[in-house]
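Novice: First the structure, then my questions, so here it is.
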Amino acid sequence: MEEFKIDIKKVVFHKEGDTGDFINYDVEKCDGCGMCVKVCSAGLWSLKDGKARLAPRYGELCLECAACWEICVPEAIDFSYPASGSGVTIKYG
Amino acid sequence: MEKWDVVIVGGGPGGSYAAKTAAEKGLKAVFFERGDRPGEKNSSGAGLGTRWWRDFPEIMSKLPELPSYRKADMIVIKVVDEENRVRLVHGTTGSDRDGSRWSNSLDKGMAGAAIYRLDLDPLIADMAIQAGAELRTSTLISDVIIDNGIVTGVKTEKGESIAAEVVIAADGGMSTMARKAGMRNRWGGGCTLVPQLDFGCDGDKLDAVAGNAEWCWFGPFNGAYQMHFAESFHLGAGKWLRPDWDTKPTEVLERVMEIPAFRKFCKVVDAQMREYQAHFLPWLKKPVKSYTGGMMLVGDAGGFPCPLDGEGIWHACMSGRIAAETAAWAISRGDVSERALAEYERRWKASPLGLEHQYGAEFVELWDHSIFDPELMKGLIQLLLEFSEIHPFSILFDWSDDHVGCLNQHIEHLFDMMPEFSDFASKYMSPLGNTISPRVVKRALLQAKPKVPLFKFLPDDLYLKLLARMNSRIRSWLETV
């Protein structure tokens, strides 16, 4: 049933404007566990050659939930907030 | 350098309420919001319970004017079996005795309100502005200024420094302020992710189908909530962020959306999926250390959400109010050191906020089991269904055989279930017994006394002493009365 499919690109809203780099990822600390890939609603993380990779244009889809930061045991992922007035915007909630 | 009595980081309910309280106390207060307006960066529609009328009547009187408002007088629980059939519907109902059940004497019974944060947050922020606080939107605070181990101000993202006697950090679960002040890094456990879908729908049809009730879905997949607003609803389900996470965030929502009864509900109310939101929610057994020199943490930043159901907005407003009052007290004494601000923790622990967290472990463990222990959910659902079958009316109206035979079968079935039920109850339910207050236990024991042979002739105090000698739990309860 089409109406019950979650198409992230259609149901998440972002403002115009540069978010800046607000997820800092240290590849040296990454142990390749892949937890960030599992918890990300927007599919921004992937696993390649035993290391996590963050989509280069993550600011356009990131929901700012910080799940990747909290789940990362080796603390390879650092999350701060996107630049003032940028990033995700909630329309209904 | 710009200088304020109190700088508050965050324009959500906790930050705004702190700003309002600080301004009312005569302090020069400013609060910063990273979004273009308060409410924009949240992703949690609010369910506000009865205690809101006691603690924040000025907010509750304004709510009905807001566009997303819907009354929420009951919770309807829908239990689904493995084949997606709704097997049990149970509602918490208001009763004539609710007035006496609620110690706050509000005569409201089981009552609440559902409201979008896009409506609620600007309302509280406006109250803070009316009280004299200054709001700066589209301003991200990215660092703290520390002087001799005491937080003395903050820095905006653009590098501007702002000095403060006291900083109140209300910047959410991933609090930049707490991290920059060296209070913690990531939480390292006890936090959840709450994915949530918003559906727009026909408000009149929703009135007819759901009325003033919130719904919860329970099944082998675990649980999900369905919050109803004026012309929309949210479907959401939390999950612990832990190394044993084995699925995708949207799994439970997708699972609920397969239930035919949910799909029919959507069809009847003309539901349209509009938005997906993901919310980070600390769900701790107890809050973290909530103060350091010159700074206090409120709301999600301090880990205050309810250990039973994850509600966080009342907790944010309560902690925001107590933090601002503590700031006024500390500033008037000229001491904002860590030692002085320990007063904040003393004060929130003595408030209803502290009582809720006193038994945080018992509450979190019950919920924790239900999320991660499929055995619990299967056991719970099975038992609920079995016991609903033995509901007095079902015994009478079971026409599968002669009524006497059916009645006896039902009772025997109940006895068959007892060992399983007792294992289940002692493992998952009895820890909640710790939360029953000694005053209530004493009253129950005294009320039972006239019915207990031999004991009924004893004086009250001797009777209680004997019971205490016989049972260690009763003893520990009575000792605290």
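Identifiers for the structure tokens are assigned positionally: chains receive A, B, ... in sequence, residues are indexed from 1 per chain, and ligands are indexed from 1 in the order shown.
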With a distance cut-off of 12 Å and only C-alpha atoms, select the neighbouring residues of Lys48 (chain A), excluding the residue or stretch itself and same-chain residues fewer than 3 positions from it, and output the selection as a list in words.
Specialist: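 After dropping sequence-adjacent residues, the list is Val27, Cys30, Asp31, Gly32, Cys33, Gly34, Val37, Trp45, Lys51, Ala52, Arg53 and Leu54 of chain A.
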Novice: Residues of chain A no more than 10 Å from chain B, counting only C-alpha atoms: send them over as a ChimeraX atom specification.
Specialist: /A:1,3-13,33,35,37-43,62-73,75,77-93
Novice: For the residues in the current selection, export C-alpha atoms as a PDB file, in the first residue's frame.
Specialist:
ATOM      1  CA  MET A   1       0.000   0.000   0.000  1.00  0.00           C
ATOM      2  CA  GLU A   3       0.193   5.551   1.324  1.00  0.00           C
ATOM      3  CA  PHE A   4       1.864   3.642   4.168  1.00  0.00           C
ATOM      4  CA  LYS A   5       5.369   3.709   2.678  1.00  0.00           C
ATOM      5  CA  ILE A   6       7.816   6.085   4.337  1.00  0.00           C
ATOM      6  CA  ASP A   7       9.678   7.945   1.605  1.00  0.00           C
ATOM      7  CA  ILE A   8      12.118  10.000   3.691  1.00  0.00           C
ATOM      8  CA  LYS A   9      12.791  12.508   0.904  1.00  0.00           C
ATOM      9  CA  LYS A  10       9.087  13.406   0.723  1.00  0.00           C
ATOM     10  CA  VAL A  11       8.319  13.580   4.443  1.00  0.00           C
ATOM     11  CA  VAL A  12      11.313  15.471   5.852  1.00  0.00           C
ATOM     12  CA  PHE A  13      11.701  19.219   5.360  1.00  0.00           C
ATOM     13  CA  CYS A  33      30.830  -1.870  13.830  1.00  0.00           C
ATOM     14  CA  MET A  35      25.816   0.785  14.287  1.00  0.00           C
ATOM     15  CA  VAL A  37      24.327   2.701   9.532  1.00  0.00           C
ATOM     16  CA  LYS A  38      21.559   0.891  11.434  1.00  0.00           C
ATOM     17  CA  VAL A  39      20.260   3.793  13.542  1.00  0.00           C
ATOM     18  CA  CYS A  40      20.180   6.482  10.832  1.00  0.00           C
ATOM     19  CA  SER A  41      16.650   7.125   9.583  1.00  0.00           C
ATOM     20  CA  ALA A  42      17.925   9.000   6.541  1.00  0.00           C
ATOM     21  CA  GLY A  43      20.466   6.382   5.404  1.00  0.00           C
ATOM     22  CA  CYS A  62      19.932  14.827   8.378  1.00  0.00           C
ATOM     23  CA  LEU A  63      17.116  14.799  10.953  1.00  0.00           C
ATOM     24  CA  GLU A  64      19.448  16.072  13.715  1.00  0.00           C
ATOM     25  CA  CYS A  65      18.464  13.198  16.004  1.00  0.00           C
ATOM     26  CA  ALA A  66      22.104  12.524  17.001  1.00  0.00           C
ATOM     27  CA  ALA A  67      21.480   8.759  17.222  1.00  0.00           C
ATOM     28  CA  CYS A  68      24.781   8.124  15.364  1.00  0.00           C
ATOM     29  CA  TRP A  69      26.662  10.120  18.006  1.00  0.00           C
ATOM     30  CA  GLU A  70      25.082   8.315  20.962  1.00  0.00           C
ATOM     31  CA  ILE A  71      25.444   4.805  19.511  1.00  0.00           C
ATOM     32  CA  CYS A  72      29.133   5.192  18.535  1.00  0.00           C
ATOM     33  CA  VAL A  73      31.068   3.355  21.280  1.00  0.00           C
ATOM     34  CA  GLU A  75      33.377   7.980  19.911  1.00  0.00           C
ATOM     35  CA  ILE A  77      31.302  10.537  15.654  1.00  0.00           C
ATOM     36  CA  ASP A  78      30.856  13.984  17.162  1.00  0.00           C
ATOM     37  CA  PHE A  79      27.541  15.773  16.703  1.00  0.00           C
ATOM     38  CA  SER A  80      26.911  19.460  17.193  1.00  0.00           C
ATOM     39  CA  TYR A  81      24.013  21.531  15.887  1.00  0.00           C
ATOM     40  CA  PRO A  82      23.848  22.945  12.328  1.00  0.00           C
ATOM     41  CA  ALA A  83      24.409  26.670  11.775  1.00  0.00           C
ATOM     42  CA  SER A  84      21.860  29.167  13.164  1.00  0.00           C
ATOM     43  CA  GLY A  85      18.528  29.029  11.375  1.00  0.00           C
ATOM     44  CA  SER A  86      19.517  26.163   9.044  1.00  0.00           C
ATOM     45  CA  GLY A  87      18.843  22.439   8.837  1.00  0.00           C
ATOM     46  CA  VAL A  88      15.698  20.430   9.457  1.00  0.00           C
ATOM     47  CA  THR A  89      12.439  22.243  10.142  1.00  0.00           C
ATOM     48  CA  ILE A  90       9.394  20.596  11.701  1.00  0.00           C
ATOM     49  CA  LYS A  91       6.183  21.510   9.881  1.00  0.00           C
ATOM     50  CA  TYR A  92       3.683  19.328  11.699  1.00  0.00           C
ATOM     51  CA  GLY A  93       4.470  18.582  15.294  1.00  0.00           C
TER      52      GLY A  93
END
Novice: If DSSP is run on the backbone, what residues of region 251-338 of chain B are strand (DSSP E)? A reply as a ChimeraX atom specification would be ideal.
Specialist: /B:272-282,291-292,295-297
Novice: How would the residues just chosen look if you wrote them out with N, CA, C and O atoms as a short mmCIF file (atom, residue, chain, number, x, y, z; two decimals), in the first residue's frame?
Specialist:
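Result file is again.cif:
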data_model
loop_
_atom_site.label_atom_id
_atom_site.label_comp_id
_atom_site.auth_asym_id
_atom_site.auth_seq_id
_atom_site.Cartn_x
_atom_site.Cartn_y
_atom_site.Cartn_z
N GLN B 272 -3.49 11.29 5.79
CA GLN B 272 -2.43 11.49 4.78
C GLN B 272 -1.10 11.61 5.52
O GLN B 272 -0.93 12.52 6.34
N MET B 273 -0.15 10.74 5.23
CA MET B 273 1.17 10.86 5.86
C MET B 273 1.83 12.15 5.38
O MET B 273 1.90 12.42 4.19
N ARG B 274 2.27 12.99 6.35
CA ARG B 274 2.84 14.29 5.95
C ARG B 274 4.31 14.45 6.32
O ARG B 274 5.07 15.13 5.65
N GLU B 275 4.69 13.87 7.49
CA GLU B 275 6.05 14.19 7.95
C GLU B 275 6.63 13.05 8.79
O GLU B 275 5.90 12.40 9.55
N TYR B 276 7.92 12.84 8.66
CA TYR B 276 8.65 11.90 9.51
C TYR B 276 9.60 12.71 10.39
O TYR B 276 10.28 13.61 9.92
N GLN B 277 9.60 12.37 11.69
CA GLN B 277 10.46 13.09 12.64
C GLN B 277 11.22 12.06 13.47
O GLN B 277 10.72 10.97 13.71
N ALA B 278 12.41 12.39 13.88
CA ALA B 278 13.17 11.48 14.75
C ALA B 278 13.68 12.29 15.93
O ALA B 278 14.32 13.33 15.75
N HIS B 279 13.39 11.82 17.12
CA HIS B 279 13.66 12.59 18.32
C HIS B 279 14.57 11.81 19.25
O HIS B 279 14.30 10.64 19.51
N PHE B 280 15.59 12.46 19.71
CA PHE B 280 16.52 11.86 20.66
C PHE B 280 16.00 12.11 22.07
O PHE B 280 15.71 13.24 22.44
N LEU B 281 15.86 11.04 22.85
CA LEU B 281 15.22 11.20 24.16
C LEU B 281 15.96 10.45 25.26
O LEU B 281 15.95 9.23 25.30
N PRO B 282 16.61 11.19 26.17
CA PRO B 282 17.19 10.52 27.34
C PRO B 282 16.06 9.93 28.19
O PRO B 282 15.06 10.60 28.42
N TYR B 291 24.28 20.23 37.76
CA TYR B 291 24.86 21.57 37.97
C TYR B 291 26.38 21.47 37.99
O TYR B 291 26.96 20.42 38.27
N THR B 292 27.00 22.61 37.65
CA THR B 292 28.43 22.76 37.84
C THR B 292 28.62 24.23 38.24
O THR B 292 27.63 24.96 38.34
N MET B 295 26.59 27.04 36.24
CA MET B 295 25.65 26.53 35.22
C MET B 295 24.78 25.40 35.76
O MET B 295 25.23 24.57 36.53
N MET B 296 23.50 25.41 35.32
CA MET B 296 22.56 24.34 35.66
C MET B 296 21.96 23.77 34.38
O MET B 296 21.78 24.49 33.41
N LEU B 297 21.66 22.46 34.40
CA LEU B 297 21.05 21.79 33.24
C LEU B 297 19.57 21.57 33.51
O LEU B 297 19.20 21.12 34.59
#
Novice: Can you check which residues of region 310-430 of chain B DSSP gives as helix (DSSP H, G or I) on the backbone and send them as a ChimeraX atom specification?
Specialist: /B:313-333,338-349,352-358,360-372,374-389,392-396,403-430
Novice: Next, dump the selected residues to file, keeping only C-alpha atoms, as an mmCIF file, in the first residue's frame.
Specialist:
data_model
loop_
_atom_site.group_PDB
_atom_site.id
_atom_site.type_symbol
_atom_site.label_atom_id
_atom_site.label_comp_id
_atom_site.auth_asym_id
_atom_site.auth_seq_id
_atom_site.Cartn_x
_atom_site.Cartn_y
_atom_site.Cartn_z
ATOM 1 C CA ILE B 313 7.863 18.735 28.786
ATOM 2 C CA TRP B 314 6.432 18.987 32.303
ATOM 3 C CA HIS B 315 9.866 17.918 33.571
ATOM 4 C CA ALA B 316 11.525 20.592 31.442
ATOM 5 C CA CYS B 317 9.224 23.344 32.714
ATOM 6 C CA MET B 318 9.559 22.198 36.352
ATOM 7 C CA SER B 319 13.345 21.987 36.214
ATOM 8 C CA GLY B 320 13.472 25.298 34.295
ATOM 9 C CA ARG B 321 11.416 26.997 37.000
ATOM 10 C CA ILE B 322 13.526 25.529 39.833
ATOM 11 C CA ALA B 323 16.800 26.388 38.056
ATOM 12 C CA ALA B 324 15.742 30.030 37.568
ATOM 13 C CA GLU B 325 14.610 30.307 41.201
ATOM 14 C CA THR B 326 17.926 28.827 42.318
ATOM 15 C CA ALA B 327 19.770 31.310 40.059
ATOM 16 C CA ALA B 328 17.953 34.237 41.704
ATOM 17 C CA TRP B 329 18.791 32.864 45.158
ATOM 18 C CA ALA B 330 22.467 32.258 44.291
ATOM 19 C CA ILE B 331 22.926 35.673 42.634
ATOM 20 C CA SER B 332 21.372 37.449 45.628
ATOM 21 C CA ARG B 333 23.906 35.714 47.896
ATOM 22 C CA GLU B 338 29.368 24.578 42.205
ATOM 23 C CA ARG B 339 28.873 24.196 45.944
ATOM 24 C CA ALA B 340 26.224 26.917 46.006
ATOM 25 C CA LEU B 341 24.390 25.571 42.961
ATOM 26 C CA ALA B 342 24.085 22.152 44.637
ATOM 27 C CA GLU B 343 21.000 23.895 46.035
ATOM 28 C CA TYR B 344 19.391 23.280 42.600
ATOM 29 C CA GLU B 345 19.613 19.524 43.046
ATOM 30 C CA ARG B 346 18.309 19.743 46.612
ATOM 31 C CA ARG B 347 15.344 21.743 45.395
ATOM 32 C CA TRP B 348 14.328 19.545 42.444
ATOM 33 C CA LYS B 349 14.755 16.421 44.542
ATOM 34 C CA PRO B 352 7.357 16.249 42.526
ATOM 35 C CA LEU B 353 10.111 15.951 39.902
ATOM 36 C CA GLY B 354 12.365 14.320 42.496
ATOM 37 C CA LEU B 355 9.691 11.913 43.670
ATOM 38 C CA GLU B 356 9.169 10.652 40.136
ATOM 39 C CA HIS B 357 12.866 9.903 39.820
ATOM 40 C CA GLN B 358 13.197 8.308 43.242
ATOM 41 C CA GLY B 360 13.259 5.637 38.256
ATOM 42 C CA ALA B 361 14.968 2.248 38.132
ATOM 43 C CA GLU B 362 11.740 0.330 38.757
ATOM 44 C CA PHE B 363 9.930 2.292 36.064
ATOM 45 C CA VAL B 364 12.696 2.136 33.471
ATOM 46 C CA GLU B 365 13.153 -1.590 33.983
ATOM 47 C CA LEU B 366 9.489 -2.322 33.352
ATOM 48 C CA TRP B 367 9.602 -0.392 30.102
ATOM 49 C CA ASP B 368 13.050 -1.602 29.219
ATOM 50 C CA HIS B 369 11.851 -5.218 29.415
ATOM 51 C CA SER B 370 8.913 -4.458 27.201
ATOM 52 C CA ILE B 371 11.062 -2.976 24.446
ATOM 53 C CA PHE B 372 13.821 -5.492 24.406
ATOM 54 C CA PRO B 374 9.884 -10.185 23.242
ATOM 55 C CA GLU B 375 9.154 -12.770 25.948
ATOM 56 C CA LEU B 376 7.607 -10.064 28.105
ATOM 57 C CA MET B 377 5.396 -8.765 25.329
ATOM 58 C CA LYS B 378 4.279 -12.277 24.367
ATOM 59 C CA GLY B 379 3.628 -13.129 28.014
ATOM 60 C CA LEU B 380 1.793 -9.891 28.637
ATOM 61 C CA ILE B 381 -0.420 -10.212 25.590
ATOM 62 C CA GLN B 382 -1.178 -13.862 26.286
ATOM 63 C CA LEU B 383 -2.082 -13.139 29.880
ATOM 64 C CA LEU B 384 -4.197 -10.120 28.994
ATOM 65 C CA LEU B 385 -6.111 -12.188 26.478
ATOM 66 C CA GLU B 386 -6.506 -15.160 28.812
ATOM 67 C CA PHE B 387 -7.729 -12.992 31.641
ATOM 68 C CA SER B 388 -10.078 -11.013 29.433
ATOM 69 C CA GLU B 389 -11.655 -14.352 28.536
ATOM 70 C CA PRO B 392 -17.402 -12.100 34.373
ATOM 71 C CA PHE B 393 -19.545 -11.419 31.334
ATOM 72 C CA SER B 394 -17.643 -13.768 29.080
ATOM 73 C CA ILE B 395 -18.158 -16.567 31.596
ATOM 74 C CA LEU B 396 -21.908 -15.975 31.524
ATOM 75 C CA HIS B 403 -23.217 -22.815 31.255
ATOM 76 C CA VAL B 404 -22.215 -24.735 34.353
ATOM 77 C CA GLY B 405 -19.629 -26.665 32.346
ATOM 78 C CA CYS B 406 -18.270 -23.460 30.744
ATOM 79 C CA LEU B 407 -18.086 -21.659 34.049
ATOM 80 C CA ASN B 408 -16.044 -24.468 35.590
ATOM 81 C CA GLN B 409 -13.803 -24.705 32.541
ATOM 82 C CA HIS B 410 -13.071 -21.005 32.803
ATOM 83 C CA ILE B 411 -12.203 -21.268 36.476
ATOM 84 C CA GLU B 412 -9.999 -24.319 35.932
ATOM 85 C CA HIS B 413 -8.300 -22.508 33.091
ATOM 86 C CA LEU B 414 -7.592 -19.643 35.464
ATOM 87 C CA PHE B 415 -5.956 -22.060 37.914
ATOM 88 C CA ASP B 416 -3.902 -23.562 35.072
ATOM 89 C CA MET B 417 -2.655 -20.074 34.252
ATOM 90 C CA MET B 418 -1.703 -19.150 37.801
ATOM 91 C CA PRO B 419 1.871 -20.532 37.936
ATOM 92 C CA GLU B 420 2.736 -18.781 34.672
ATOM 93 C CA PHE B 421 1.074 -15.585 35.797
ATOM 94 C CA SER B 422 2.774 -15.615 39.155
ATOM 95 C CA ASP B 423 6.242 -16.048 37.560
ATOM 96 C CA PHE B 424 5.458 -13.203 35.208
ATOM 97 C CA ALA B 425 4.140 -10.918 37.918
ATOM 98 C CA SER B 426 6.986 -11.498 40.330
ATOM 99 C CA LYS B 427 9.605 -10.828 37.652
ATOM 100 C CA TYR B 428 8.125 -7.783 35.947
ATOM 101 C CA MET B 429 5.420 -6.294 38.116
ATOM 102 C CA SER B 430 6.370 -6.665 41.756
#
Novice: State, in Å with one decimal place, the distance from CA of Val86 (chain B) to CA of Ala114 (chain B).
Specialist: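 That distance, rounded to one decimal, is 24.9 Å.
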